[in-house]
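K.L.:
start-v9.csv is reproduced in full below (CSV, C-alpha atoms).
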```csv
chain,number,residue,atom,x,y,z
A,112,MET,CA,6.1,-11.5,15.8
A,113,ALA,CA,4.2,-10.8,18.9
A,114,PHE,CA,5.5,-11.9,22.3
A,115,LYS,CA,3.5,-12.8,25.4
A,116,ARG,CA,5.1,-13.0,28.8
A,117,GLY,CA,3.7,-15.1,31.6
A,118,SER,CA,5.0,-17.5,34.2
A,119,GLY,CA,8.7,-17.0,33.2
A,120,ARG,CA,8.2,-18.2,29.7
A,121,VAL,CA,8.1,-16.2,26.5
A,122,ARG,CA,5.6,-17.5,23.9
A,123,ARG,CA,5.7,-16.3,20.2
A,124,PHE,CA,2.7,-15.8,18.1
A,125,ALA,CA,2.9,-15.4,14.4
A,126,LYS,CA,1.2,-12.4,12.7
A,127,VAL,CA,-2.1,-13.3,11.2
A,128,ARG,CA,-1.9,-12.6,7.5
A,129,THR,CA,-4.8,-12.4,5.1
A,130,PRO,CA,-4.7,-15.2,2.5
A,131,ARG,CA,-3.6,-14.2,-1.0
A,132,GLY,CA,-6.5,-13.0,-3.1
A,133,GLU,CA,-8.5,-11.8,-0.1
A,134,MET,CA,-8.6,-8.2,1.1
A,135,ASN,CA,-8.0,-7.3,4.7
A,136,ALA,CA,-10.3,-4.7,6.3
A,137,ASN,CA,-8.0,-1.8,5.3
A,138,GLU,CA,-7.9,-2.9,1.7
A,139,GLN,CA,-11.7,-3.3,1.6
A,140,ARG,CA,-12.0,0.3,2.9
A,141,TYR,CA,-9.6,1.5,0.2
A,142,ALA,CA,-11.4,-0.5,-2.5
A,143,ALA,CA,-14.7,1.2,-1.4
A,144,TRP,CA,-13.0,4.6,-1.7
A,145,LEU,CA,-11.7,3.7,-5.2
A,146,GLN,CA,-15.2,2.6,-6.2
A,147,THR,CA,-16.6,6.1,-5.2
A,148,LYS,CA,-13.8,7.7,-7.3
A,149,LYS,CA,-14.7,5.4,-10.2
A,150,ASP,CA,-18.4,6.3,-9.9
A,151,HIS,CA,-17.5,10.0,-10.0
A,152,GLY,CA,-15.1,9.7,-12.9
A,153,GLY,CA,-11.8,10.1,-11.1
A,154,VAL,CA,-10.7,6.6,-11.7
A,155,VAL,CA,-11.4,4.5,-14.8
A,156,ASP,CA,-10.9,1.1,-13.2
A,157,PHE,CA,-9.0,-0.7,-10.5
A,158,GLN,CA,-8.3,-4.3,-9.7
A,159,PHE,CA,-7.0,-6.1,-6.6
A,160,GLU,CA,-3.7,-8.1,-6.8
A,161,LYS,CA,-3.6,-8.3,-10.6
A,162,ILE,CA,0.0,-7.5,-11.1
A,163,THR,CA,3.1,-9.3,-9.8
A,164,LEU,CA,6.4,-7.8,-10.6
A,165,LYS,CA,9.5,-10.1,-10.9
A,166,LEU,CA,12.3,-8.2,-9.1
A,167,ALA,CA,15.0,-10.9,-9.0
A,168,PRO,CA,15.1,-14.7,-9.1
A,169,ARG,CA,12.6,-15.9,-6.4
A,170,THR,CA,11.7,-12.4,-5.5
A,171,THR,CA,8.4,-10.9,-6.5
A,172,LEU,CA,6.1,-8.1,-5.5
A,173,THR,CA,2.3,-8.4,-5.8
A,174,VAL,CA,0.9,-4.9,-5.4
A,175,ASP,CA,-2.5,-4.5,-3.7
A,176,PHE,CA,-4.2,-2.4,-6.4
A,177,LEU,CA,-3.7,-1.7,-10.1
A,178,VAL,CA,-5.4,1.6,-10.7
A,179,VAL,CA,-6.1,3.2,-14.1
A,180,THR,CA,-6.6,7.0,-13.8
A,181,ARG,CA,-8.7,9.3,-15.9
A,182,ASP,CA,-5.7,10.1,-18.1
A,183,LEU,CA,-5.2,6.4,-18.6
A,184,THR,CA,-2.0,6.1,-16.6
A,185,LEU,CA,-1.3,3.0,-14.6
A,186,GLU,CA,-0.6,3.3,-10.9
A,187,LEU,CA,0.3,0.6,-8.4
A,188,HIS,CA,-1.2,1.3,-5.0
A,189,GLU,CA,0.1,-0.5,-1.9
A,190,VAL,CA,-2.2,-0.2,1.1
A,191,LYS,CA,-0.5,0.1,4.5
A,192,GLY,CA,-1.7,0.6,8.1
A,193,GLY,CA,-1.7,4.1,9.5
A,194,LYS,CA,0.1,5.0,12.8
A,195,LYS,CA,-0.9,7.5,15.4
A,196,ASN,CA,1.8,9.9,14.3
A,197,GLY,CA,0.1,10.2,10.9
A,198,LYS,CA,2.6,8.1,9.0
A,199,TYR,CA,2.3,4.5,7.9
A,200,HIS,CA,3.8,1.2,9.0
A,201,VAL,CA,5.7,-0.9,6.6
A,202,GLU,CA,8.0,-3.9,7.2
A,203,GLU,CA,11.6,-3.5,6.1
A,204,ASP,CA,11.5,-6.3,3.5
A,205,ALA,CA,8.3,-4.8,1.9
A,206,TRP,CA,9.8,-1.4,1.8
A,207,LEU,CA,13.0,-2.7,0.1
A,208,LYS,CA,10.8,-4.5,-2.5
A,209,LEU,CA,8.9,-1.3,-3.2
A,210,LYS,CA,12.1,0.7,-3.6
A,211,LEU,CA,13.5,-2.0,-5.9
A,212,ALA,CA,10.3,-2.0,-8.0
A,213,ALA,CA,10.5,1.8,-8.3
A,214,ALA,CA,14.1,1.5,-9.5
A,215,GLN,CA,13.5,-1.3,-12.0
A,216,PHE,CA,10.2,0.1,-13.4
A,217,PRO,CA,10.6,3.9,-13.3
A,218,TRP,CA,7.7,4.4,-15.8
A,219,LEU,CA,5.2,3.0,-13.2
A,220,LYS,CA,3.9,5.2,-10.5
A,221,ILE,CA,4.1,3.3,-7.3
A,222,LEU,CA,2.2,4.7,-4.3
A,223,VAL,CA,1.9,3.8,-0.7
A,224,VAL,CA,-1.6,4.7,0.7
A,225,TRP,CA,-2.8,4.6,4.2
A,226,TRP,CA,-5.7,5.8,6.3
A,227,HIS,CA,-5.3,8.7,8.7
A,228,LYS,CA,-8.2,9.2,11.1
A,229,ASP,CA,-8.1,13.0,10.9
A,230,HIS,CA,-7.2,13.5,7.2
A,231,GLY,CA,-8.6,10.5,5.4
A,232,TRP,CA,-6.5,8.6,2.8
A,233,LYS,CA,-3.0,9.8,2.4
A,234,GLU,CA,-0.5,8.8,-0.2
A,235,GLN,CA,3.3,8.8,-0.8
A,236,GLU,CA,5.0,8.1,-4.0
A,237,VAL,CA,7.8,5.5,-3.8
A,238,GLY,CA,10.8,6.7,-5.7
A,239,ALA,CA,14.1,5.0,-6.4
A,240,HIS,CA,16.1,8.2,-5.9
A,241,GLY,CA,14.7,9.9,-2.8
A,242,ALA,CA,11.3,11.0,-3.9
A,243,ASP,CA,9.8,9.1,-1.0
A,244,ASP,CA,10.7,11.4,1.9
A,245,THR,CA,8.0,12.4,4.4
A,246,ASP,CA,7.5,15.8,2.7
A,247,ALA,CA,6.1,14.0,-0.3
A,248,GLN,CA,3.1,12.8,1.5
A,249,THR,CA,-0.2,14.1,0.3
A,250,THR,CA,-3.8,13.8,1.4
A,251,LEU,CA,-6.3,12.4,-1.0
A,252,ASP,CA,-9.7,14.1,-1.3
A,253,THR,CA,-12.2,12.0,0.7
A,254,GLU,CA,-15.6,12.3,2.2
A,255,ASP,CA,-14.9,10.0,5.2
```
Starting from the file, lay out its structure as structure tokens.
P.N.:
Amino acid sequence: MAFKRGSGRVRRFAKVRTPRGEMNANEQRYAAWLQTKKDHGGVVDFQFEKITLKLAPRTTLTVDFLVVTRDLTLELHEVKGGKKNGKYHVEEDAWLKLKLAAAQFPWLKILVVWWHKDHGWKEQEVGAHGADDTDAQTTLDTED
């Protein structure tokens, strides 16, 4: 939540969230990048918010993109906002859901992807057992 100070009062403003089923600007940019990969044969297909994983009673995770790679493997890509230090921003509850999904579905490759202004799209695999440290970050090939 954002706070605004003024005249001795603190007002709270809720974060603006994009409605389910609609892409935010960052997701649109990533979808365009995936489309170029699809046009050049690197990706067979991708779809937005097509898979919801049930992690526990009343706890689900809808991943941003389902991606089918050239070798027909399924990958789940979660798009996050980049930070100035080159890493990405993720809320704690979202990170816990990603870790839980990686533990419960070890056969699925779950990736966090984010835009870095100097290096383009970067990715980090989410692993249930420590495969998600900062050394595991890689830069995707991009023309941006």
K.L.:
A:Leu172, A:Ala212, A:Met134, A:Val224: which is nearest A:Lys198, counting all atoms listed in the file?
P.N.:
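Closest residue, counting all atoms listed in the file: A:Val224.
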K.L.:
For a quick check of understanding, using all atoms listed in the file, which of A:Thr147, A:Asn135, A:Thr180, A:Thr173 has the smallest distance to A:Ala205?
P.N.:
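Looking at the shortest contact to A:Ala205, the residue is A:Thr173.
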K.L.:
Can you tell me, as a PyMOL selection string, what residues are no more than 12 Å from A:Glu202 when counting only C-alpha atoms, ignoring any on the same chain fewer than 5 positions away?
P.N.:
chain A and resi 112+191-192+207-209
K.L.:
Take atom CA of A:Gln146 and atom CA of A:Val190 and report the distance between them in Å, one decimal.
P.N.:
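Atom CA of A:Val190 lies at a distance of 15.2 Å from atom CA of A:Gln146.
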K.L.:
Using atom CA of A:Trp225 and atom CA of A:Ala142 as the two end points, give the distance in Å to one decimal.
P.N.:
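These two atoms are separated by 12.0 Å.
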K.L.:
Which residue is closest to A:His151? Choose from A:Arg181, A:Asp229, A:Trp206, A:Asn137 and count all atoms listed in the file.
P.N.:
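Ranking A:Arg181, A:Asp229, A:Trp206, A:Asn137 by distance to A:His151, first place goes to A:Arg181.
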K.L.:
What does the distance between atom CA of A:Arg131 and atom CA of A:Trp218 come to in Å, to one decimal place?
P.N.:
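Between atom CA of A:Arg131 and atom CA of A:Trp218 the gap works out to 26.3 Å.
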K.L.:
Kindly provide, as number ranges by chain, the polymer residues lying within 12 Å of (0.2, 11.2, 13.0), counting all atoms listed in the file and using the coordinates exactly as they appear in the file.
P.N.:
A: 192-200, 225-231, 233, 245, 248
